[in-house]
file query.cif (mmCIF, C-alpha atoms)
data_protein
loop_
_atom_site.label_atom_id
_atom_site.label_comp_id
_atom_site.auth_asym_id
_atom_site.auth_seq_id
_atom_site.Cartn_x
_atom_site.Cartn_y
_atom_site.Cartn_z
CA MET A 20 -23.27 -1.06 -135.12
CA LYS A 21 -21.18 -2.12 -132.16
CA ASN A 22 -21.75 -5.45 -130.45
CA CYS A 23 -22.08 -5.55 -126.72
CA VAL A 24 -22.39 -8.05 -123.91
CA ILE A 25 -24.07 -7.18 -120.62
CA VAL A 26 -22.99 -8.87 -117.39
CA GLU A 27 -25.45 -8.02 -114.63
CA ASP A 28 -27.03 -10.22 -111.96
CA GLU A 29 -29.80 -7.86 -110.93
CA GLN A 30 -32.89 -8.14 -113.13
CA THR A 31 -34.05 -4.51 -113.03
CA ALA A 32 -30.58 -3.14 -113.66
CA LEU A 33 -30.26 -5.54 -116.59
CA GLU A 34 -33.51 -4.31 -118.12
CA VAL A 35 -32.39 -0.69 -117.77
CA ALA A 36 -29.00 -1.42 -119.32
CA LYS A 37 -30.59 -3.33 -122.23
CA HIS A 38 -33.03 -0.50 -122.92
CA LEU A 39 -30.34 2.20 -122.91
CA ALA A 40 -27.92 0.09 -124.95
CA VAL A 41 -30.42 -0.45 -127.74
CA LYS A 42 -32.28 2.84 -127.73
CA TYR A 43 -29.51 5.35 -127.06
CA GLY A 44 -26.26 3.47 -127.53
CA ALA A 45 -27.36 1.96 -130.87
CA LEU A 46 -25.70 -1.22 -129.68
CA ASN A 47 -26.39 -4.73 -130.80
CA ILE A 48 -26.71 -6.97 -127.73
CA LEU A 49 -25.01 -10.28 -128.45
CA ALA A 50 -25.75 -11.83 -125.06
CA THR A 51 -26.52 -11.07 -121.43
CA PHE A 52 -25.21 -12.98 -118.42
CA ASP A 53 -26.00 -13.01 -114.71
CA LYS A 54 -22.73 -14.77 -113.86
CA ALA A 55 -19.20 -13.72 -114.64
CA GLU A 56 -17.76 -17.11 -115.53
CA GLU A 57 -20.10 -17.85 -118.42
CA ALA A 58 -19.68 -14.31 -119.65
CA LEU A 59 -15.91 -14.63 -119.52
CA GLU A 60 -15.99 -17.78 -121.59
CA PHE A 61 -18.26 -16.13 -124.15
CA VAL A 62 -16.26 -12.91 -124.44
CA ASN A 63 -12.90 -14.71 -124.65
CA ARG A 64 -13.95 -16.85 -127.55
CA ASN A 65 -16.06 -14.28 -129.37
CA GLU A 66 -14.01 -11.71 -131.26
CA LYS A 67 -17.07 -9.77 -132.27
CA VAL A 68 -17.61 -8.31 -128.80
CA ASP A 69 -16.78 -4.59 -128.94
CA ILE A 70 -18.13 -3.48 -125.57
CA VAL A 71 -18.81 -5.20 -122.25
CA LEU A 72 -21.16 -3.54 -119.78
CA LEU A 73 -19.93 -5.05 -116.55
CA ASP A 74 -21.30 -5.08 -113.03
CA ILE A 75 -18.62 -5.37 -110.34
CA HIS A 76 -20.39 -7.32 -107.60
CA LEU A 77 -21.37 -10.59 -109.24
CA PRO A 78 -22.34 -13.87 -107.52
CA ASP A 79 -19.45 -16.05 -108.69
CA MET A 80 -16.54 -13.62 -109.10
CA SER A 81 -15.94 -9.88 -109.07
CA GLY A 82 -15.91 -7.77 -112.19
CA PHE A 83 -12.21 -7.13 -111.53
CA SER A 84 -11.44 -10.88 -111.56
CA PHE A 85 -13.36 -10.99 -114.81
CA LEU A 86 -11.05 -8.29 -116.21
CA GLU A 87 -7.93 -10.07 -114.97
CA ASN A 88 -8.97 -13.25 -116.76
CA LEU A 89 -9.97 -11.58 -119.97
CA THR A 90 -7.84 -12.63 -122.95
CA SER A 91 -9.64 -10.53 -125.57
CA THR A 92 -9.64 -6.73 -125.59
CA PRO A 93 -13.14 -5.27 -125.73
CA LYS A 94 -13.85 -1.83 -124.28
CA VAL A 95 -15.35 -2.17 -120.82
CA VAL A 96 -17.84 0.11 -119.11
CA LEU A 97 -18.26 -0.70 -115.43
CA VAL A 98 -21.77 -0.33 -114.08
CA THR A 99 -22.15 -0.56 -110.34
CA ALA A 100 -23.95 0.81 -107.32
CA ASP A 101 -20.63 0.85 -105.50
CA LYS A 102 -18.89 4.22 -105.65
CA ASN A 103 -15.79 3.06 -103.85
CA LEU A 104 -14.06 1.00 -106.49
CA ALA A 105 -13.27 3.62 -109.12
CA LEU A 106 -9.63 3.78 -108.06
CA THR A 107 -9.20 0.04 -108.68
CA ALA A 108 -10.90 0.48 -112.05
CA TYR A 109 -8.13 2.85 -113.15
CA HIS A 110 -5.71 -0.09 -113.01
CA PHE A 111 -7.43 -1.69 -115.98
CA ASP A 112 -6.68 -0.14 -119.37
CA LEU A 113 -9.74 -1.71 -120.98
CA VAL A 114 -12.06 0.18 -118.65
CA VAL A 115 -13.17 3.34 -120.41
CA ASP A 116 -15.74 4.49 -117.91
CA TYR A 117 -17.28 3.84 -114.51
CA LEU A 118 -21.01 4.40 -114.18
CA VAL A 119 -22.91 4.48 -110.92
CA LYS A 120 -26.38 2.94 -110.80
CA PRO A 121 -29.09 3.88 -111.43
CA LEU A 122 -27.94 4.50 -114.99
CA GLN A 123 -28.69 7.91 -116.49
CA LYS A 124 -29.22 8.26 -120.23
CA ASP A 125 -26.81 11.15 -120.83
CA ARG A 126 -24.03 9.73 -118.75
CA PHE A 127 -24.53 6.34 -120.39
CA MET A 128 -24.19 7.88 -123.86
CA GLU A 129 -21.01 9.70 -122.86
CA ALA A 130 -19.54 6.37 -121.86
CA ILE A 131 -20.58 4.59 -125.06
CA ASN A 132 -19.23 7.41 -127.19
CA GLN A 133 -15.81 6.85 -125.64
CA CYS A 134 -15.81 3.20 -126.59
CA MET B 17 5.52 13.67 -125.68
CA ASN B 18 5.60 17.09 -124.04
CA CYS B 19 4.31 17.38 -120.54
CA ILE B 20 3.86 19.83 -117.70
CA ILE B 21 3.54 19.23 -113.97
CA VAL B 22 0.99 21.12 -111.89
CA ASP B 23 1.37 20.65 -108.15
CA ASP B 24 1.61 23.17 -105.32
CA GLN B 25 4.22 21.11 -103.44
CA ASP B 26 7.86 21.24 -104.53
CA SER B 27 8.58 17.75 -103.21
CA ALA B 28 5.63 16.27 -105.12
CA ARG B 29 6.83 17.81 -108.39
CA LEU B 30 10.27 16.37 -107.75
CA VAL B 31 8.78 12.88 -107.39
CA VAL B 32 6.93 13.21 -110.71
CA ARG B 33 10.12 14.47 -112.36
CA GLN B 34 11.97 11.39 -111.18
CA LEU B 35 9.22 9.10 -112.49
CA CYS B 36 9.34 10.92 -115.84
CA ASP B 37 13.10 10.30 -116.04
CA GLY B 38 12.34 6.64 -116.50
CA ILE B 39 10.35 7.29 -119.68
CA ASN B 40 12.24 7.73 -122.93
CA ASP B 41 10.15 10.02 -125.05
CA LEU B 42 8.71 12.22 -122.34
CA ASP B 43 9.90 15.82 -121.97
CA ILE B 44 8.91 18.05 -119.09
CA ILE B 45 8.67 21.49 -120.62
CA GLU B 46 7.42 23.39 -117.58
CA GLU B 47 6.35 23.05 -113.94
CA PHE B 48 3.74 25.06 -112.09
CA SER B 49 2.95 25.46 -108.42
CA SER B 50 -0.50 26.88 -109.18
CA ALA B 51 -3.25 25.82 -111.57
CA ILE B 52 -3.88 29.41 -112.65
CA GLU B 53 -0.28 29.81 -113.83
CA ALA B 54 -0.60 26.57 -115.78
CA ILE B 55 -3.78 27.78 -117.48
CA LYS B 56 -2.04 30.99 -118.58
CA PHE B 57 0.75 28.91 -120.04
CA LEU B 58 -1.65 26.57 -121.83
CA ASN B 59 -3.38 29.50 -123.48
CA GLN B 60 -0.10 30.07 -125.36
CA GLN B 61 1.09 26.54 -125.89
CA THR B 62 -0.25 23.00 -126.22
CA VAL B 63 1.13 19.97 -124.46
CA ASP B 64 0.45 16.24 -124.73
CA VAL B 65 0.31 15.31 -121.08
CA ILE B 66 -0.53 17.18 -117.87
CA PHE B 67 0.41 15.70 -114.50
CA LEU B 68 -2.03 17.25 -112.11
CA ASP B 69 -2.49 17.37 -108.37
CA ILE B 70 -6.10 17.55 -107.13
CA HIS B 71 -5.85 19.40 -103.84
CA MET B 72 -4.32 22.80 -104.45
CA PRO B 73 -5.17 26.03 -102.63
CA GLY B 74 -7.68 28.28 -104.39
CA PHE B 75 -8.15 26.29 -107.55
CA SER B 76 -8.46 22.51 -107.45
CA GLY B 77 -7.35 19.99 -110.06
CA PHE B 78 -10.97 19.43 -111.08
CA ASP B 79 -11.50 23.20 -111.46
CA PHE B 80 -8.46 23.16 -113.71
CA VAL B 81 -9.79 20.28 -115.84
CA GLN B 82 -13.09 22.10 -116.31
CA THR B 83 -11.33 25.29 -117.39
CA LEU B 84 -8.98 23.60 -119.79
CA LYS B 85 -9.62 24.34 -123.45
CA THR B 86 -6.78 22.45 -125.07
CA PRO B 87 -6.97 18.72 -125.59
CA ALA B 88 -4.35 17.02 -123.46
CA GLN B 89 -4.19 13.75 -121.62
CA ILE B 90 -4.46 14.39 -117.92
CA VAL B 91 -2.92 12.13 -115.32
CA LEU B 92 -4.02 12.91 -111.78
CA ILE B 93 -1.41 12.45 -109.10
CA THR B 94 -2.69 12.66 -105.57
CA ALA B 95 -2.55 11.24 -102.08
CA ASP B 96 -6.35 11.20 -101.96
CA LYS B 97 -7.87 7.83 -102.82
CA ASP B 98 -11.45 8.98 -102.66
CA LEU B 99 -11.93 11.07 -105.78
CA ALA B 100 -11.48 8.45 -108.51
CA ILE B 101 -15.22 8.26 -109.05
CA GLU B 102 -15.31 12.00 -109.74
CA ALA B 103 -12.34 11.67 -112.10
CA TYR B 104 -14.36 9.33 -114.31
CA GLU B 105 -16.67 12.26 -115.04
CA TYR B 106 -13.95 13.84 -117.21
CA GLU B 107 -13.06 12.22 -120.48
CA SER B 108 -9.70 14.01 -120.62
CA ILE B 109 -8.50 12.32 -117.43
CA SER B 110 -6.62 9.20 -118.55
CA ASP B 111 -5.40 7.93 -115.25
CA TYR B 112 -5.52 8.42 -111.50
CA LEU B 113 -2.32 7.66 -109.61
CA VAL B 114 -2.17 7.52 -105.84
CA LYS B 115 1.05 8.33 -104.02
CA PRO B 116 3.40 6.62 -103.43
CA ILE B 117 3.65 5.68 -107.11
CA THR B 118 5.83 2.83 -108.32
CA GLN B 119 7.78 3.23 -111.56
CA GLU B 120 5.93 0.17 -112.87
CA ARG B 121 2.51 1.74 -112.34
CA PHE B 122 3.75 4.97 -113.85
CA ASN B 123 5.10 3.18 -116.96
CA LYS B 124 1.76 1.45 -117.42
CA SER B 125 0.01 4.78 -117.20
CA MET B 126 2.31 6.29 -119.82
CA ASN B 127 1.56 3.43 -122.22
CA LYS B 128 -2.12 4.13 -121.85
CA VAL B 129 -1.53 7.85 -122.48
CA LYS B 130 0.50 7.09 -125.61
CA ASN B 131 -2.27 4.90 -126.98
CA ASN B 132 -4.87 7.57 -126.30
CA LEU B 133 -2.76 10.25 -127.98
CA HIS B 134 -2.27 8.08 -131.01
CA ARG B 135 -6.00 7.49 -131.30
CA THR B 136 -6.75 11.22 -131.00
CA SER B 137 -4.19 12.20 -133.64
CA VAL B 138 -5.64 9.72 -136.16
CA MET B 139 -9.08 11.26 -135.68
CA GLN B 140 -7.75 14.80 -136.05
CA LYS B 141 -6.11 13.91 -139.35
CA VAL B 142 -9.44 12.75 -140.74
CA VAL B 143 -11.06 16.02 -139.69
CA GLN B 144 -8.29 18.35 -140.88
CA SER B 145 -7.90 16.77 -144.28
CA ASN B 146 -11.43 17.60 -145.24
CA ASP B 147 -11.89 20.87 -147.11
CA HIS B 148 -14.98 22.79 -146.23
CA ILE B 149 -17.22 24.37 -148.79
CA GLY B 150 -19.71 27.18 -148.31
CA ASN B 151 -22.91 26.52 -150.24
CA ASP B 152 -26.48 26.50 -149.07
CA LEU B 153 -29.62 24.45 -149.28
CA TYR B 154 -33.11 25.89 -148.82
CA ILE B 155 -35.61 23.65 -147.10
CA ASN B 156 -39.31 24.18 -146.75
CA ILE B 157 -40.35 24.32 -143.11
CA ASP B 158 -43.85 25.50 -142.14
CA ARG B 159 -44.17 27.21 -145.53
CA ARG B 160 -41.02 29.16 -144.94
CA LEU B 161 -37.83 28.56 -146.80
CA THR B 162 -35.05 28.11 -144.30
CA LYS B 163 -31.45 28.38 -145.40
CA LEU B 164 -29.08 25.66 -144.30
CA LYS B 165 -25.37 25.67 -144.97
CA PHE B 166 -24.22 22.34 -146.38
CA ASP B 167 -21.40 22.42 -143.92
CA ASP B 168 -23.85 22.66 -140.99
CA ILE B 169 -25.70 19.51 -141.97
CA LEU B 170 -24.53 16.48 -140.04
CA PHE B 171 -26.69 13.82 -141.62
CA ILE B 172 -30.07 13.14 -143.17
CA LYS B 173 -32.33 10.28 -142.24
CA ALA B 174 -35.25 8.95 -144.29
CA LYS B 175 -38.52 8.49 -142.42
CA GLY B 176 -41.37 7.44 -144.71
CA ASP B 177 -42.51 10.46 -146.70
CA TYR B 178 -40.29 12.71 -144.61
CA ILE B 179 -36.63 13.22 -144.00
CA ASP B 180 -34.91 14.36 -140.84
CA VAL B 181 -32.16 16.88 -141.51
CA LYS B 182 -29.87 17.03 -138.50
CA THR B 183 -27.60 19.98 -137.81
CA HIS B 184 -25.51 20.66 -134.72
CA LYS B 185 -28.37 22.59 -133.11
CA GLU B 186 -31.58 21.40 -134.75
CA MET B 187 -33.43 18.50 -136.25
CA TYR B 188 -35.57 19.64 -139.22
CA VAL B 189 -38.39 17.44 -140.44
CA VAL B 190 -38.88 18.05 -144.16
CA HIS B 191 -41.45 16.60 -146.55
CA SER B 192 -39.12 15.06 -149.12
CA THR B 193 -37.29 11.87 -149.96
CA LEU B 194 -33.70 10.87 -149.52
CA LYS B 195 -33.29 10.50 -153.27
CA LYS B 196 -34.48 14.06 -153.92
CA ILE B 197 -32.20 15.66 -151.39
CA LYS B 198 -29.28 13.50 -152.47
CA ASP B 199 -29.37 15.13 -155.90
CA LYS B 200 -29.14 18.57 -154.27
CA LEU B 201 -26.16 17.81 -152.09
CA PRO B 202 -22.55 18.14 -153.20
CA ASP B 203 -21.07 14.68 -153.35
CA ASN B 204 -17.63 15.80 -152.21
CA ILE B 205 -18.84 15.97 -148.62
CA PHE B 206 -22.05 13.94 -148.63
CA LEU B 207 -22.35 10.22 -148.99
CA GLN B 208 -25.12 7.69 -148.64
CA THR B 209 -24.04 5.11 -146.07
CA HIS B 210 -27.27 3.22 -145.73
CA ARG B 211 -30.69 2.89 -147.36
CA SER B 212 -32.00 5.47 -144.88
CA TYR B 213 -28.97 7.67 -144.27
CA ILE B 214 -26.89 10.28 -146.03
CA ILE B 215 -24.03 11.68 -144.00
CA ASN B 216 -21.74 14.67 -144.19
CA PHE B 217 -18.55 12.69 -143.94
CA THR B 218 -16.42 15.66 -142.90
CA LYS B 219 -18.28 15.39 -139.57
CA ILE B 220 -17.23 11.85 -138.83
CA ILE B 221 -15.54 11.46 -135.49
CA ASP B 222 -14.97 7.75 -135.52
CA ILE B 223 -15.47 4.86 -137.90
CA GLU B 224 -16.35 1.34 -136.93
CA ASP B 225 -16.94 -1.75 -139.04
CA ASN B 226 -20.56 -0.98 -139.67
CA SER B 227 -21.22 2.43 -138.18
CA VAL B 228 -19.84 5.94 -137.99
CA LEU B 229 -20.03 8.40 -135.14
CA ILE B 230 -21.18 11.96 -135.90
CA GLU B 231 -21.36 14.12 -132.79
CA LYS B 232 -23.31 11.82 -130.48
CA ASN B 233 -25.12 9.99 -133.25
CA VAL B 234 -24.22 6.51 -134.36
CA ILE B 235 -25.06 6.12 -138.05
CA PRO B 236 -25.19 2.68 -139.66
CA ILE B 237 -23.14 1.84 -142.73
CA SER B 238 -24.52 -0.93 -144.88
CA ARG B 239 -22.15 -3.49 -146.33
CA SER B 240 -22.76 -2.32 -149.89
CA ASN B 241 -21.98 1.33 -149.07
CA ARG B 242 -18.92 0.72 -146.95
CA PRO B 243 -16.37 0.35 -149.78
CA GLU B 244 -17.38 3.76 -151.17
CA LEU B 245 -16.91 5.41 -147.77
CA ILE B 246 -13.50 3.83 -147.38
CA ARG B 247 -12.54 4.85 -150.91
CA ARG B 248 -13.48 8.45 -150.19
CA LEU B 249 -11.46 8.51 -147.02
CA ASN B 250 -8.45 7.06 -148.79
CA LEU B 251 -8.57 9.92 -151.25
CA LEU B 252 -8.23 12.49 -148.51
#
call {"tool": "encode", "arguments": {"input": "query.cif", "output": "structure tokens"}}
result
Amino acid sequence: MKNCVIVEDEQTALEVAKHLAVKYGALNILATFDKAEEALEFVNRNEKVDIVLLDIHLPDMSGFSFLENLTSTPKVVLVTADKNLALTAYHFDLVVDYLVKPLQKDRFMEAINQC
Amino acid sequence: MNCIIVDDQDSARLVVRQLCDGINDLDIIEEFSSAIEAIKFLNQQTVDVIFLDIHMPGFSGFDFVQTLKTPAQIVLITADKDLAIEAYEYESISDYLVKPITQERFNKSMNKVKNNLHRTSVMQKVVQSNDHIGNDLYINIDRRLTKLKFDDILFIKAKGDYIDVKTHKEMYVVHSTLKKIKDKLPDNIFLQTHRSYIINFTKIIDIEDNSVLIEKNVIPISRSNRPELIRRLNLL
């Protein structure tokens, strides 16, 4: 079973992501964070993280700053309501997919299967 | 790596050719000014990488990607910044480059493509090295005996007094136990990976530390069963 971390500041979106991750992604959720900085610290020192589900607009820093400061190499699935940042996402090799909220089960599973 | 360029503009293809010159192991084997011509070519021959424009008259880059039957890494090359979100819908698209493209960005993209190709070829080796056998299993469903080919079975999951037998198309619920069915299955393609799971390991797409991927299903591997799985794979 793959281990994932969810970084999401919006409560409802977090609940949806958790539900899909466990039920359809068969993922083990190691931790969830509503701020990027704490998440970054956790992911950088925890080698067991296979997948990060990452929101882009976060209160303390953007998801892209998070990616720039990442020293480990988990697979990253971006989850955002913002459709306009996909081009920037292509600059980051760790990003395997870009999902637009609200999350859909089938599309979510496609993303996880690429991880 | 073999590649082709698909772009309706001569000048755009020239730019891609120049960027390719900077990459050691990249050979341009053909160029096309229309997507249709490229598809005809790809019906005869496989390539590793396709450099693809999006906006082309008659048949767009996305139309092309949808039509494509061969597995290749696709790198979109376009002046249009606004379609990256759509590009993420296609797993075969590895990168999205917006003109003008620096050599540095192009090199980075080629590294990504190389890594993806390597990953794909490892998976294909696992699949190809498995010999298929053609025997059948009869299962009792609604008082009818239904024939299943061993090779069609993806995995079997224990569920109390029942077992789920999953094939590509169906999920059969059968009144039986995992132990009973295990004795009926040939052990050269089936393997118990977990207390509740027997898998057809020729169907494995991907293997992780403690799970395997079969089609879209993630199947757990318990610690005690993992060495046996690894041993089997080493034999192949």
call {"tool": "resolve_selection", "arguments": {"input": "query.cif", "expression": "the PyMOL selection byres ((chain B) within 8 of (chain A))", "output": "NGL selection string"}}
result
:B and (97-101 or 104 or 107 or 111-112 or 128 or 224-227 or 232 or 234-236)
call {"tool": "write_last_selection", "arguments": {"input": "query.cif", "atoms": "C-alpha atoms", "output": "compact mmCIF listing (two decimals), keeping the file's coordinate frame"}}
result
# COMPACT_ATOMS: atom_id res chain seq x y z
CA LYS B 97 -7.87 7.83 -102.82
CA ASP B 98 -11.45 8.98 -102.66
CA LEU B 99 -11.93 11.07 -105.78
CA ALA B 100 -11.48 8.45 -108.51
CA ILE B 101 -15.22 8.26 -109.05
CA TYR B 104 -14.36 9.33 -114.31
CA GLU B 107 -13.06 12.22 -120.48
CA ASP B 111 -5.40 7.93 -115.25
CA TYR B 112 -5.52 8.42 -111.50
CA LYS B 128 -2.12 4.13 -121.85
CA GLU B 224 -16.35 1.34 -136.93
CA ASP B 225 -16.94 -1.75 -139.04
CA ASN B 226 -20.56 -0.98 -139.67
CA SER B 227 -21.22 2.43 -138.18
CA LYS B 232 -23.31 11.82 -130.48
CA VAL B 234 -24.22 6.51 -134.36
CA ILE B 235 -25.06 6.12 -138.05
CA PRO B 236 -25.19 2.68 -139.66
call {"tool": "resolve_selection", "arguments": {"input": "query.cif", "expression": "the PyMOL selection byres ((chain A and resi 33) around 12)", "output": "MDAnalysis selection string"}}
result
chainID A and resid 24:32 34:40 48 50:53 72:74 98:99 120:122
call {"tool": "residues_around", "arguments": {"input": "query.cif", "residues": "B:Ile237", "least_positions_apart": "2", "cutoff": "12 Å", "atoms": "only C-alpha atoms", "output": "count of residues only"}}
result
29
call {"tool": "atom_distance", "arguments": {"input": "query.cif", "atom1": "atom CA of B:Ile55", "atom2": "atom CA of B:His184"}}
result
28.6 Å
call {"tool": "residues_around", "arguments": {"input": "query.cif", "residues": "A:Glu66", "least_positions_apart": "2", "cutoff": "9 Å", "atoms": "all atoms listed in the file", "output": "list of chain:residue names"}}
result
A:Val62, A:Asn63, A:Arg64, A:Val68, A:Asp69, A:Ser91, A:Thr92, A:Pro93
call {"tool": "closest_residue", "arguments": {"input": "query.cif", "among": "A:Met80, A:Leu59, A:Ile75, A:Ile70", "to": "A:Cys134", "atoms": "all atoms listed in the file"}}
result
A:Ile70
call {"tool": "residues_around", "arguments": {"input": "query.cif", "residues": "B:Gly38", "least_positions_apart": "4", "cutoff": "9 Å", "atoms": "all atoms listed in the file", "output": "JSON, numbers by chain"}}
result
{"B": [34, 42, 119, 123]}
call {"tool": "residues_around", "arguments": {"input": "query.cif", "residues": "B:Pro116", "least_positions_apart": "4", "cutoff": "10 Å", "atoms": "only C-alpha atoms", "output": "PyMOL selection string"}}
result
chain B and resi 31+93-95
call {"tool": "write_last_selection", "arguments": {"input": "query.cif", "atoms": "C-alpha atoms", "output": "JSON list (two decimals), in the frame of the given file"}}
result
[["chain", "number", "residue", "atom", "x", "y", "z"],
["B", 31, "VAL", "CA", 8.78, 12.88, -107.39],
["B", 93, "ILE", "CA", -1.41, 12.45, -109.10],
["B", 94, "THR", "CA", -2.69, 12.66, -105.57],
["B", 95, "ALA", "CA", -2.55, 11.24, -102.08]]
